[in-house]
Amino acid sequence: LFALLDGADRPDYRWLLIGGARSGQSWHKDPNMSSAWNLTLRGRKRWLFFPPHVTPPGVFPTSTDGGHDYATPIALAEWARDHYAEACRTPGFVEAETGPGDVTFVPRGWWHMVLNVAPLTVAVSHHFVSPAGLYTTLRLLRTTPHQVSGVDRGLTRDRGDDAGAMTAEEREAADHARRTAAGVALHDRLVAALREKRPEVLEAAETTLAAEAARRAPSALKRAVAPEEAAPSFAF
């Protein structure tokens with residue numbers, strides 16, 4: 001559905017991946033809550049998966065806003081040494097290996113780690129947002145727009161604008177504001193394009209999000225039995 005946007009507005013979505021033995025990518029979820037397919041052209045890849053609700057051993061959230069900021073060992077060998085055995089015992093763990101001509105499908109929101117196991121491995125990867133997954137992308141862009149990926153966010157650390165005159169905290173605040181603005185802008189462009197070209201898909205996604213919000217809202221019974229407490233006050 002991002003293809004509905006003009007080329008300059010569309011987030012990055014396809015890559016050529018080349019690596020030697022033991023190179024790869026540590027645990028992550030694909031950007032903007034997209035799904036992906038990955039075609040191995042040469043060599044072999046080892047894939048490790050966990051479903052969205054199971055955080056892999058050795059991966060720790062670094063935010064409390066329900067987003068996808070997390071810390072994970074950068075070295076794949078370090079993770080394998082310390083956490084692979086635990087991963088094998090954890091429900092939901094899936095492992096596979098692909099060779100030339102094999103295609104791997106990565107569902108949106110799934111944790112995965114990829115290790116190249118041949119002396120030279122070449123693959124192509126393509127990310128996409130389907131009608132079925134649109135509501136998850138809209139949710140991310142609305143609740144944590146600073147986590148948008150694949151667009152120009154004009155970050156201070158990339159541009160160097162006044163970087164020397166800013167403290168680390170000021171640079172981080174400026175970058176967070178720019179990331180947020182980029183996410184909000186992408187959301188607005190996507191919704192406008194959907195409203196014009198795929199209104200039925202947008203309506204279905206909004207219906208799903210509204211149902212989610214209704215399920216999270218406290219029920220009438222809960223409000224009656226355990227009403228919210230009044231804010232504490234102080235007086236002489």
# chains A, B, ... in the order shown; residues from 1 in each chain; ligands from 1
$ residues_around --residues "segment 42-59 of chain A" --least-positions-apart "6" --cutoff "9 Å" --atoms "only C-alpha atoms" --output "MDAnalysis selection string"
chainID A and resid 24 27 29 70:73 79 82:84 86:87 90:101 104 106:123
$ residues_around --residues "Leu209 of chain A" --least-positions-apart "4" --cutoff "9 Å" --atoms "only C-alpha atoms" --output "JSON, numbers by chain"
{"A": [135, 136, 138, 139, 204, 205, 213, 214]}
$ select_by_dssp --residues "segment 64-233 of chain A" --states "helix (DSSP H, G or I)" --output "ChimeraX atom specification"
/A:76-89,131-143,145-147,156-159,163-165,168-197,199-216,220-225
$ select_by_dssp --residues "segment 1-216 of chain A" --states "strand (DSSP E)" --output "PyMOL selection string"
chain A and resi 14-19+24-28+35-42+45-50+60-61+70-71+94-98+103-106+111-116+121-128
$ atom_distance --atom1 "atom CA of Ile74 of chain A" --atom2 "atom CA of Ser26 of chain A"
6.3 Å
$ closest_residue --among "A:Glu200, A:Ala193, A:Leu1, A:His146" --to "Ala177 of chain A" --atoms "only C-alpha atoms"
A:His146
